[in-house]
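So this block is entry.txt, compact mmCIF, C-alpha atoms:
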```
# COMPACT_ATOMS: atom_id res chain seq x y z
CA MET A 1 -12.52 17.86 -13.75
CA LYS A 2 -9.61 15.42 -13.58
CA ILE A 3 -9.00 12.08 -11.86
CA ILE A 4 -5.79 10.43 -10.70
CA LYS A 5 -5.19 7.00 -12.20
CA ARG A 6 -3.48 4.25 -10.21
CA ASN A 7 -0.18 5.01 -11.91
CA GLY A 8 -0.35 8.64 -10.80
CA ALA A 9 -1.23 10.06 -14.22
CA GLU A 10 -4.03 12.61 -14.44
CA MET A 11 -6.92 12.01 -16.81
CA VAL A 12 -10.08 13.88 -17.64
CA PHE A 13 -13.04 12.55 -15.65
CA ASP A 14 -15.30 10.44 -17.84
CA ALA A 15 -18.71 9.64 -16.32
CA GLU A 16 -19.34 7.19 -19.16
CA LYS A 17 -16.80 4.81 -17.60
CA ILE A 18 -18.95 4.68 -14.46
CA ARG A 19 -22.04 3.95 -16.56
CA VAL A 20 -20.21 1.15 -18.40
CA ALA A 21 -18.94 -0.47 -15.17
CA VAL A 22 -22.34 -0.32 -13.45
CA THR A 23 -24.08 -1.61 -16.59
CA LYS A 24 -21.65 -4.57 -16.77
CA ALA A 25 -22.37 -5.42 -13.13
CA ASN A 26 -26.08 -5.04 -13.85
CA ASN A 27 -25.93 -7.30 -16.91
CA SER A 28 -24.06 -10.01 -15.00
CA THR A 29 -27.23 -11.16 -13.27
CA ASP A 30 -30.19 -12.96 -14.80
CA ASP A 31 -32.54 -12.00 -11.97
CA THR A 32 -34.70 -9.22 -13.42
CA ASN A 33 -35.89 -8.15 -9.98
CA ALA A 34 -32.31 -7.61 -8.83
CA LYS A 35 -31.38 -5.40 -11.80
CA LEU A 36 -31.03 -1.63 -11.82
CA THR A 37 -33.27 0.37 -14.13
CA GLU A 38 -31.73 2.84 -16.60
CA GLN A 39 -33.03 5.63 -14.36
CA GLN A 40 -31.24 4.11 -11.33
CA ILE A 41 -28.02 3.83 -13.33
CA ASP A 42 -28.39 7.50 -14.32
CA THR A 43 -28.89 8.37 -10.64
CA ILE A 44 -25.71 6.49 -9.69
CA VAL A 45 -23.66 8.21 -12.40
CA THR A 46 -25.02 11.65 -11.46
CA SER A 47 -24.48 11.04 -7.74
CA VAL A 48 -20.85 9.95 -8.18
CA THR A 49 -20.12 12.81 -10.59
CA LYS A 50 -21.49 15.39 -8.13
CA LYS A 51 -19.50 13.88 -5.24
CA CYS A 52 -16.32 14.05 -7.30
CA GLU A 53 -16.99 17.67 -8.26
CA SER A 54 -17.66 18.64 -4.65
CA LEU A 55 -14.28 17.35 -3.47
CA GLY A 56 -12.42 20.37 -4.81
CA ARG A 57 -9.55 18.13 -5.91
CA SER A 58 -8.88 15.29 -8.31
CA PRO A 59 -10.16 12.02 -6.83
CA GLY A 60 -8.33 8.74 -7.30
CA VAL A 61 -9.79 5.79 -9.19
CA GLU A 62 -10.22 3.72 -6.00
CA GLU A 63 -12.03 6.61 -4.36
CA ILE A 64 -14.45 6.84 -7.29
CA GLN A 65 -15.05 3.09 -7.19
CA ASP A 66 -15.88 3.35 -3.48
CA MET A 67 -18.40 6.07 -4.34
CA VAL A 68 -19.94 3.81 -7.00
CA GLU A 69 -20.33 1.01 -4.44
CA GLU A 70 -22.03 3.38 -2.02
CA ALA A 71 -24.37 4.66 -4.75
CA ILE A 72 -25.36 1.10 -5.76
CA MET A 73 -25.95 0.29 -2.09
CA ASN A 74 -28.17 3.38 -1.78
CA GLN A 75 -30.31 1.93 -4.58
CA GLY A 76 -30.75 -1.26 -2.52
CA LYS A 77 -29.36 -3.45 -5.31
CA PHE A 78 -27.08 -5.69 -3.30
CA THR A 79 -26.73 -8.41 -5.96
CA ILE A 80 -25.40 -5.78 -8.37
CA LEU A 81 -23.18 -4.41 -5.61
CA LYS A 82 -21.75 -7.90 -5.03
CA ASN A 83 -21.10 -8.33 -8.78
CA TYR A 84 -19.37 -4.92 -8.93
CA MET A 85 -17.22 -5.75 -5.90
CA ILE A 86 -16.23 -9.15 -7.32
CA TYR A 87 -15.22 -7.54 -10.61
CA ARG A 88 -13.19 -4.94 -8.72
CA TYR A 89 -11.46 -7.65 -6.69
CA GLU A 90 -10.64 -9.71 -9.80
CA ARG A 91 -9.10 -6.64 -11.45
CA GLN A 92 -7.07 -5.94 -8.32
CA LEU A 93 -5.67 -9.49 -8.41
CA ALA A 94 -4.80 -9.12 -12.10
CA ARG A 95 -2.94 -5.86 -11.38
CA ARG A 96 -0.91 -7.51 -8.60
CA VAL A 97 0.51 -10.06 -11.02
CA ASN A 98 2.62 -7.37 -12.66
CA SER A 99 1.83 -4.03 -11.15
CA THR A 100 4.78 -2.08 -12.55
CA ASP A 101 4.01 -2.20 -16.28
CA GLU A 102 1.63 0.76 -16.36
CA GLN A 103 3.88 2.90 -14.17
CA ILE A 104 6.97 2.21 -16.28
CA LEU A 105 5.13 2.85 -19.55
CA SER A 106 3.80 6.12 -18.16
CA LEU A 107 7.39 7.11 -17.29
CA ILE A 108 8.53 6.48 -20.84
CA ASP A 109 5.61 8.57 -22.13
CA CYS A 110 6.50 11.30 -19.58
CA ASN A 111 2.95 11.44 -18.19
CA ASN A 112 3.35 10.02 -14.69
CA GLU A 113 2.31 13.00 -12.55
CA GLU A 114 2.99 11.18 -9.28
CA VAL A 115 6.66 10.70 -10.13
CA LYS A 116 7.03 14.23 -11.51
CA GLN A 117 5.66 15.66 -8.26
CA GLU A 118 7.69 13.32 -6.05
CA ASN A 119 10.99 14.84 -7.17
CA SER A 120 10.60 18.03 -9.15
CA ASN A 121 14.35 18.64 -9.51
CA LYS A 122 14.73 15.71 -11.93
CA ASN A 123 13.91 16.14 -15.61
CA PRO A 124 11.71 13.13 -16.55
CA VAL A 125 12.57 13.46 -20.26
CA VAL A 126 16.27 12.65 -19.78
CA ASN A 127 17.07 8.96 -20.40
CA SER A 128 19.21 8.49 -17.29
CA VAL A 129 16.44 9.99 -15.16
CA GLN A 130 13.90 7.68 -16.79
CA ARG A 131 16.12 4.68 -15.94
CA ASP A 132 16.36 5.89 -12.34
CA TYR A 133 12.58 6.32 -12.21
CA MET A 134 12.04 2.83 -13.68
CA ALA A 135 14.23 1.30 -10.98
CA GLY A 136 12.24 3.32 -8.47
CA GLU A 137 8.96 1.89 -9.78
CA VAL A 138 10.27 -1.65 -9.31
CA SER A 139 11.34 -0.76 -5.76
CA LYS A 140 7.91 0.78 -5.04
CA ASP A 141 6.20 -2.35 -6.34
CA LEU A 142 8.30 -4.60 -4.09
CA THR A 143 7.77 -2.25 -1.15
CA LYS A 144 4.01 -2.20 -1.70
CA ARG A 145 3.56 -5.94 -2.18
CA LEU A 146 6.20 -7.44 0.12
CA LEU A 147 8.01 -5.08 2.47
CA ILE A 148 5.46 -2.99 4.36
CA PRO A 149 2.06 -3.74 5.86
CA GLU A 150 -0.85 -3.32 3.44
CA LYS A 151 -2.55 -0.80 5.74
CA ILE A 152 0.49 1.50 5.54
CA TRP A 153 0.49 1.46 1.74
CA LYS A 154 -3.29 1.97 1.69
CA ALA A 155 -2.91 5.03 3.94
CA HIS A 156 -0.27 6.33 1.52
CA GLU A 157 -2.56 5.80 -1.50
CA GLU A 158 -5.47 7.50 0.29
CA GLY A 159 -3.29 10.51 1.09
CA LEU A 160 -3.43 10.03 4.87
CA ILE A 161 0.35 9.71 4.99
CA HIS A 162 3.09 10.17 2.41
CA PHE A 163 5.70 7.42 2.12
CA HIS A 164 8.37 9.59 0.47
CA ASP A 165 11.18 7.15 -0.29
CA ALA A 166 9.19 4.11 -1.42
CA ASP A 167 11.25 4.18 -4.61
CA TYR A 168 14.42 3.49 -2.54
CA PHE A 169 12.95 1.37 0.25
CA ALA A 170 13.63 -2.04 -1.31
CA GLN A 171 17.32 -1.16 -1.50
CA ARG A 172 17.47 -0.34 2.20
CA MET A 173 18.97 2.98 1.10
CA HIS A 174 16.81 5.95 1.93
CA ASN A 175 17.43 9.28 0.32
CA CYS A 176 15.83 11.57 2.90
CA ASP A 177 16.31 9.91 6.31
CA LEU A 178 16.83 12.24 9.22
CA ASP A 179 19.03 11.45 12.18
CA ARG A 180 16.75 10.83 15.20
CA LYS A 181 18.83 13.19 17.34
CA SER A 182 18.21 16.06 14.94
CA VAL A 183 14.44 15.45 15.04
CA VAL A 184 14.07 15.34 18.84
```
Structure rendered as structure tokens:
Amino acid sequence: MKIIKRNGAEMVFDAEKIRVAVTKANNSTDDTNAKLTEQQIDTIVTSVTKKCESLGRSPGVEEIQDMVEEAIMNQGKFTILKNYMIYRYERQLARRVNSTDEQILSLIDCNNEEVKQENSNKNPVVNSVQRDYMAGEVSKDLTKRLLIPEKIWKAHEEGLIHFHDADYFAQRMHNCDLDRKSVV
């Protein structure tokens, strides 16, 4: 089974990462009564793994984290849930500081599946195409953070809509606009 990272790259699902994250949240409290047992952590990991497998597609990282939150909640360990959510929020803030680094590095390594699928008639190994893609990542970052409402970008990331020309949007030049008259 695979997962989709935030930068669009596919990775092999690793349940151990869930165990590590939940264990860190668990260890961040001194209240022994609030802590999860090893058996409860195993239950959370198993539950999230099964949910991911049942999707029939590769889930995104955010989706998996939402499943982890729900599984912790199902264990009734709300202090641990709060710790997990705070950690998640802090990581989100850190990513916003410079959110294009990972995407650009994944372009250079030619392993950004999102970009490859966005425009399959461009060869991502060619230097000029990589430069175009890098400029597109900067435009997407600006679009995401500054130019469109957060709920629109969230819907895009969740797959509810597809914002096709986000890589051109900051330039006010859109590659695939249709004339309204031709759509009506």
### Message
Just want the 9 Å neighbourhood of region 48-53 of chain A, counted on only C-alpha atoms, with same-chain residues fewer than 2 positions away dropped. Output as a PyMOL selection string.
### Response
chain A and resi 1+3+13+15+18+43-46+55-59+64+67-68+71
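Note that the spacing between CA of Lys17 (chain A) and CA of Trp153 (chain A) amounts to 26.2 Å.
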Here CA of Asp31 (chain A) and CA of Lys82 (chain A) stand apart by 13.5 Å
Q | Point-to-point distance from CA of Cys110 (chain A) to CA of Lys151 (chain A), Å rounded to tenths | A |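 Here the two named atoms are 29.5 Å from each other.
Near Glu158 (chain A), within 9 Å and counting all atoms listed in the file, sit Gly60, Glu62, Glu63, Trp153 and Lys154 of chain A; same-chain residues fewer than 4 positions away were not included.
Minimum atom-to-atom distances from A:Phe169, A:Phe78, A:Tyr84, A:Tyr89 to Lys144 (chain A) were compared using all atoms listed in the file, and the lowest value belongs to A:Phe169.
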